[in-house]
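Notes follow once the structure below has been shown.
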Amino acid sequence: MLLAAAGLAALALLVLAGWLHSSGRWPFEPDAGPPPALASQPAELGKPVVAVGPGTALALLETLAVKGRAPRSDYQRSAFGEAWLDADANGCDTRNDILRRDLQDVTFVDSSPCLVASGRLDEPYTGREVRFRRGKDSSGTVQIDHVVALGNAWQTGAGALTPMQRQSLANDPLNLLAVDGPANQEKSDADAATWLPPSKKFRCHYVARQISVKAAYHLWVTPAEKAAMKRVLGPCPKQQSLPSGYLT
């Protein structure tokens, strides 16, 4: 009797699933909302290629082109300019800008307004607390990660940008986070299809940030990358995209 009832219940579920699928009601797609407004920007150092209006990361993802990766054979870090420029012309290099932004209890070298000597990081990728102290053997404990790695950016459209636009991409605070050094090394040039932060609670923000960078610099995503981003954003469909750090 119980077996028969269970069989009928299973059959009913199959019939319901078939009806939902045939009527377009399943699998359920989250409502991403309207696509954000996109506006081209002048090609200047310290400006994104595209100004992205408010909206969800899911909606913004749908505006990105989907292609395979371009060859990496001609990639060089120098294509993105000198590391840690003062792209926003505030008198401090980008690395120290991000350390000041992301660390707590910050101290400075000889009362400098720029050179961070020490601080405490609530590290986003691992969820642990990490202490930073400037020094030859200790600075690498905290590294500045390009959320969209420059190698990945090169293979998804940055090769077509101007040198100034690539410098802006490499120094945009939107694309930079102070993170655990070993986690950053593990990530390397991986995209969302092959690496995500170990801390699951940070993944929605992380993927939204990657999408925002790709939109701001007219980069594309690979099919596997887009699928991975959609999986991450599935439980958080209202996660918002972020504007370029140069616009804040």
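Quick note on naming: the chains in the structure tokens go A, B, ... in the order shown, residues restart at 1 in each chain, and ligands are numbered from 1 in order of appearance.
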Taking only segment 58-243 of chain A into account, list the residues labelled helix (DSSP H, G or I) by DSSP (computed from the backbone), as number ranges by chain. A: 58-61, 77-80, 94-102, 109-111, 139-141, 150-155, 158-160, 163-171, 173-175, 181-187, 200-216, 223-233
Check which residues of segment 32-146 of chain A sit at most 6 Å from segment 157-171 of chain A using only C-alpha atoms, and return one row each with the closest pair of atoms and their distance in Å to one decimal, ordered by chain and rising number, as a tab-separated table.
residue	atom	partner	partner_atom	distance
A:Leu45	CA	A:Ser168	CA	5.5
A:Gly46	CA	A:Ser168	CA	5.2
A:Phe80	CA	A:Gln167	CA	4.8
A:Gly81	CA	A:Gln167	CA	5.4
As a list in words, please: the residues near segment 184-196 of chain A (cut-off 6 Å, only C-alpha atoms, same-chain neighbours under 2 positions excluded).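 Residues near the query, excluding close chain neighbours: Ala149, Gly151, Asn152, Gly181, Pro182, Ala224, Glu225 and Ala228 of chain A.
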Just write the chosen residues, C-alpha atoms, as a PDB file, in the first residue's frame.
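Contents of result_34.pdb, as written:
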ATOM      1  CA  ALA A 149      43.112  39.030 -13.524  1.00  0.00           C
ATOM      2  CA  GLY A 151      45.908  37.807 -18.022  1.00  0.00           C
ATOM      3  CA  ASN A 152      42.211  36.960 -18.160  1.00  0.00           C
ATOM      4  CA  GLY A 181      48.635  36.411  -0.276  1.00  0.00           C
ATOM      5  CA  PRO A 182      48.500  32.595  -0.604  1.00  0.00           C
ATOM      6  CA  ALA A 224      31.906  28.331 -19.062  1.00  0.00           C
ATOM      7  CA  GLU A 225      32.603  31.562 -17.185  1.00  0.00           C
ATOM      8  CA  ALA A 228      29.626  29.633 -13.450  1.00  0.00           C
TER       9      ALA A 228
END
When you look at Asp180 of chain A with a cut-off of 7 Å (counting only C-alpha atoms), what residues show up, excluding the ones that are within fewer than 2 positions of it in the same chain? I need them as an mmCIF file with N, CA and C atoms, in the first residue's frame.
data_model
loop_
_atom_site.group_PDB
_atom_site.id
_atom_site.type_symbol
_atom_site.label_atom_id
_atom_site.label_comp_id
_atom_site.auth_asym_id
_atom_site.auth_seq_id
_atom_site.Cartn_x
_atom_site.Cartn_y
_atom_site.Cartn_z
ATOM 1 N N GLU A 123 39.842 39.507 5.905
ATOM 2 C CA GLU A 123 40.171 39.024 4.563
ATOM 3 C C GLU A 123 38.951 38.422 3.875
ATOM 4 N N THR A 141 52.173 38.978 2.822
ATOM 5 C CA THR A 141 51.055 38.354 3.543
ATOM 6 C C THR A 141 49.723 38.886 3.038
ATOM 7 N N VAL A 142 49.705 40.175 2.712
ATOM 8 C CA VAL A 142 48.531 40.806 2.099
ATOM 9 C C VAL A 142 48.941 41.281 0.709
ATOM 10 N N GLN A 143 48.221 40.828 -0.298
ATOM 11 C CA GLN A 143 48.493 41.238 -1.670
ATOM 12 C C GLN A 143 47.266 41.943 -2.247
ATOM 13 N N PRO A 182 48.572 33.948 -0.047
ATOM 14 C CA PRO A 182 48.500 32.595 -0.604
ATOM 15 C C PRO A 182 47.240 32.344 -1.431
ATOM 16 N N ALA A 183 46.088 32.890 -1.005
ATOM 17 C CA ALA A 183 44.856 32.715 -1.785
ATOM 18 C C ALA A 183 44.982 33.399 -3.136
ATOM 19 N N ASN A 184 45.609 34.565 -3.162
ATOM 20 C CA ASN A 184 45.815 35.277 -4.419
ATOM 21 C C ASN A 184 46.729 34.491 -5.353
#
Leaving out Ala208 of chain A and any residue of its chain fewer than 5 positions from it, which residues lie within 9 Å of it when counting only C-alpha atoms, given as a list in words? Thr56, Ala57, Leu58, Leu60, Leu61, Arg203, Val213, Met229, Leu233, Gln239, Gln240, Ser241 and Leu242 of chain A
Put those residues in a file: N, CA and C atoms, as a tab-separated table (two decimals), in the first residue's frame.
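Result written to out-v2.tsv:
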chain	number	residue	atom	x	y	z
A	56	THR	N	21.14	44.96	-11.26
A	56	THR	CA	21.64	43.71	-10.70
A	56	THR	C	22.81	43.18	-11.53
A	57	ALA	N	23.65	42.41	-10.86
A	57	ALA	CA	24.77	41.78	-11.57
A	57	ALA	C	24.26	40.80	-12.63
A	58	LEU	N	23.17	40.11	-12.33
A	58	LEU	CA	22.60	39.17	-13.30
A	58	LEU	C	22.17	39.88	-14.58
A	60	LEU	N	23.30	42.73	-15.66
A	60	LEU	CA	24.50	43.24	-16.32
A	60	LEU	C	25.23	42.12	-17.05
A	61	LEU	N	25.24	40.92	-16.46
A	61	LEU	CA	25.87	39.77	-17.10
A	61	LEU	C	25.28	39.52	-18.48
A	203	ARG	N	31.15	34.91	-2.34
A	203	ARG	CA	31.15	34.60	-3.77
A	203	ARG	C	30.19	35.46	-4.58
A	213	VAL	N	33.45	44.79	-13.57
A	213	VAL	CA	34.71	45.16	-14.22
A	213	VAL	C	34.64	44.87	-15.71
A	229	MET	N	29.14	32.02	-13.37
A	229	MET	CA	28.64	33.24	-12.74
A	229	MET	C	27.15	33.15	-12.44
A	233	LEU	N	25.25	33.37	-8.76
A	233	LEU	CA	24.25	34.40	-8.51
A	233	LEU	C	22.84	33.84	-8.36
A	239	GLN	N	21.71	40.63	-6.13
A	239	GLN	CA	23.04	41.19	-5.90
A	239	GLN	C	23.31	42.30	-6.90
A	240	GLN	N	23.69	43.47	-6.42
A	240	GLN	CA	23.85	44.63	-7.29
A	240	GLN	C	25.22	44.66	-7.94
A	241	SER	N	25.27	45.20	-9.15
A	241	SER	CA	26.56	45.49	-9.78
A	241	SER	C	27.19	46.69	-9.09
A	242	LEU	N	28.45	46.96	-9.42
A	242	LEU	CA	29.17	48.05	-8.78
A	242	LEU	C	29.69	49.04	-9.82
As a list in words, please: the residues near Pro198 of chain A (cut-off 6 Å, only C-alpha atoms, same-chain neighbours under 2 positions excluded).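 Counting only the stated atoms, we get Tyr125, Thr126 and Lys200 of chain A.
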Selected residues written out, N, CA and C atoms, as a PDB file, in the first residue's frame:
ATOM      1  N   TYR A 125      38.523  36.616   0.919  1.00  0.00           N
ATOM      2  CA  TYR A 125      38.571  35.342   0.205  1.00  0.00           C
ATOM      3  C   TYR A 125      38.525  34.142   1.147  1.00  0.00           C
ATOM      4  N   THR A 126      39.169  34.255   2.302  1.00  0.00           N
ATOM      5  CA  THR A 126      39.215  33.130   3.245  1.00  0.00           C
ATOM      6  C   THR A 126      38.300  33.324   4.436  1.00  0.00           C
ATOM      7  N   LYS A 200      32.432  30.977   0.961  1.00  0.00           N
ATOM      8  CA  LYS A 200      31.245  30.948   0.114  1.00  0.00           C
ATOM      9  C   LYS A 200      30.390  32.198   0.272  1.00  0.00           C
TER      10      LYS A 200
END
Can you pull out the residues contacting Phe202 of chain A? Cut-off 8 Å, using only C-alpha atoms, and skip same-chain residues under 4 positions away; I want them as a ChimeraX atom specification. /A:124-125,197,206
Go ahead and write the selection's residues with N, CA and C atoms as a CSV table (one decimal), in the first residue's frame.
chain,number,residue,atom,x,y,z
A,124,PRO,N,38.6,38.9,2.7
A,124,PRO,CA,37.4,38.5,2.0
A,124,PRO,C,37.4,37.1,1.4
A,125,TYR,N,38.5,36.6,0.9
A,125,TYR,CA,38.6,35.3,0.2
A,125,TYR,C,38.5,34.1,1.1
A,197,PRO,N,36.4,32.2,-4.5
A,197,PRO,CA,36.9,32.4,-3.1
A,197,PRO,C,36.5,31.2,-2.2
A,206,TYR,N,31.9,38.7,-5.1
A,206,TYR,CA,33.1,38.5,-5.9
A,206,TYR,C,32.7,38.5,-7.4
Between atom CA of Val116 of chain A and atom CA of Cys92 of chain A, what is the distance, to one decimal in Å? 10.5 Å
Would you mind telling me which residue in A:Ala216, A:Val179, A:Ala83, A:Ala59 lies nearest to Pro35 of chain A when using only C-alpha atoms?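 Nearest candidate to Pro35 of chain A out of A:Ala216, A:Val179, A:Ala83, A:Ala59: A:Ala59.
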Show me, as JSON lines, the residues of segment 102-198 of chain A having an atom within 7 Å of segment 70-76 of chain A, each with the closest atom pair and its distance in Å, using only C-alpha atoms.
{"residue": "A:Gly151", "atom": "CA", "partner": "A:Tyr75", "partner_atom": "CA", "distance": 7.0}
{"residue": "A:Trp154", "atom": "CA", "partner": "A:Tyr75", "partner_atom": "CA", "distance": 6.7}
{"residue": "A:Gln155", "atom": "CA", "partner": "A:Ala70", "partner_atom": "CA", "distance": 4.5}
{"residue": "A:Thr156", "atom": "CA", "partner": "A:Ala70", "partner_atom": "CA", "distance": 6.3}
Nearest to Lys214 of chain A, chosen from A:Pro243, A:Gly91, A:Gly55, A:Gly127, with only C-alpha atoms counted in the distances: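 Residue with the minimum atom-to-atom distance to Lys214 of chain A: A:Pro243.
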Using DSSP on the backbone coordinates, identify the residues of segment 30-203 of chain A assigned to strand (DSSP E); present them as a PDB file with C-alpha atoms, in the first residue's frame.
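Contents of result-v3.pdb, freshly written:
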ATOM      1  CA  LEU A  38      25.626  51.856 -20.194  1.00  0.00           C
ATOM      2  CA  ALA A  39      27.384  55.016 -21.415  1.00  0.00           C
ATOM      3  CA  SER A  40      30.719  55.268 -23.235  1.00  0.00           C
ATOM      4  CA  VAL A  50      31.899  52.364 -20.001  1.00  0.00           C
ATOM      5  CA  ALA A  51      29.989  54.013 -17.146  1.00  0.00           C
ATOM      6  CA  VAL A  52      27.573  51.417 -15.752  1.00  0.00           C
ATOM      7  CA  GLN A 104      41.557  48.630   9.564  1.00  0.00           C
ATOM      8  CA  ASP A 105      43.690  50.091  12.377  1.00  0.00           C
ATOM      9  CA  VAL A 106      46.025  51.512   9.717  1.00  0.00           C
ATOM     10  CA  THR A 107      49.364  53.100  10.618  1.00  0.00           C
ATOM     11  CA  PHE A 108      51.647  54.953   8.217  1.00  0.00           C
ATOM     12  CA  VAL A 116      50.818  52.096   4.878  1.00  0.00           C
ATOM     13  CA  ALA A 117      53.032  50.561   7.574  1.00  0.00           C
ATOM     14  CA  SER A 118      50.592  48.135   9.189  1.00  0.00           C
ATOM     15  CA  GLY A 119      46.956  47.234   9.579  1.00  0.00           C
ATOM     16  CA  ARG A 120      44.385  44.514  10.075  1.00  0.00           C
ATOM     17  CA  LEU A 121      42.455  42.924   7.203  1.00  0.00           C
ATOM     18  CA  ASP A 122      39.117  41.160   7.506  1.00  0.00           C
ATOM     19  CA  GLU A 129      41.724  38.005   9.886  1.00  0.00           C
ATOM     20  CA  VAL A 130      45.157  38.780   8.426  1.00  0.00           C
ATOM     21  CA  ARG A 131      47.728  41.199   9.833  1.00  0.00           C
ATOM     22  CA  PHE A 132      49.734  43.361   7.465  1.00  0.00           C
ATOM     23  CA  ARG A 133      53.161  44.782   8.286  1.00  0.00           C
ATOM     24  CA  VAL A 142      48.531  40.806   2.099  1.00  0.00           C
ATOM     25  CA  GLN A 143      48.493  41.238  -1.670  1.00  0.00           C
ATOM     26  CA  ILE A 144      46.387  43.400  -3.967  1.00  0.00           C
ATOM     27  CA  ASP A 145      44.391  41.151  -6.263  1.00  0.00           C
ATOM     28  CA  HIS A 146      43.071  42.098  -9.676  1.00  0.00           C
ATOM     29  CA  LEU A 176      41.281  45.640  -6.791  1.00  0.00           C
ATOM     30  CA  LEU A 177      40.984  44.008  -3.375  1.00  0.00           C
ATOM     31  CA  ALA A 178      43.458  43.535  -0.533  1.00  0.00           C
ATOM     32  CA  VAL A 179      43.479  39.775   0.027  1.00  0.00           C
ATOM     33  CA  ASP A 180      45.345  36.885   1.586  1.00  0.00           C
TER      34      ASP A 180
END
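In this model, the gap between atom CA of Tyr217 of chain A and atom CA of Pro48 of chain A comes to 6.1 Å.
Between atom CA of Asn96 of chain A and atom CA of Pro54 of chain A the separation is 27.9 Å.
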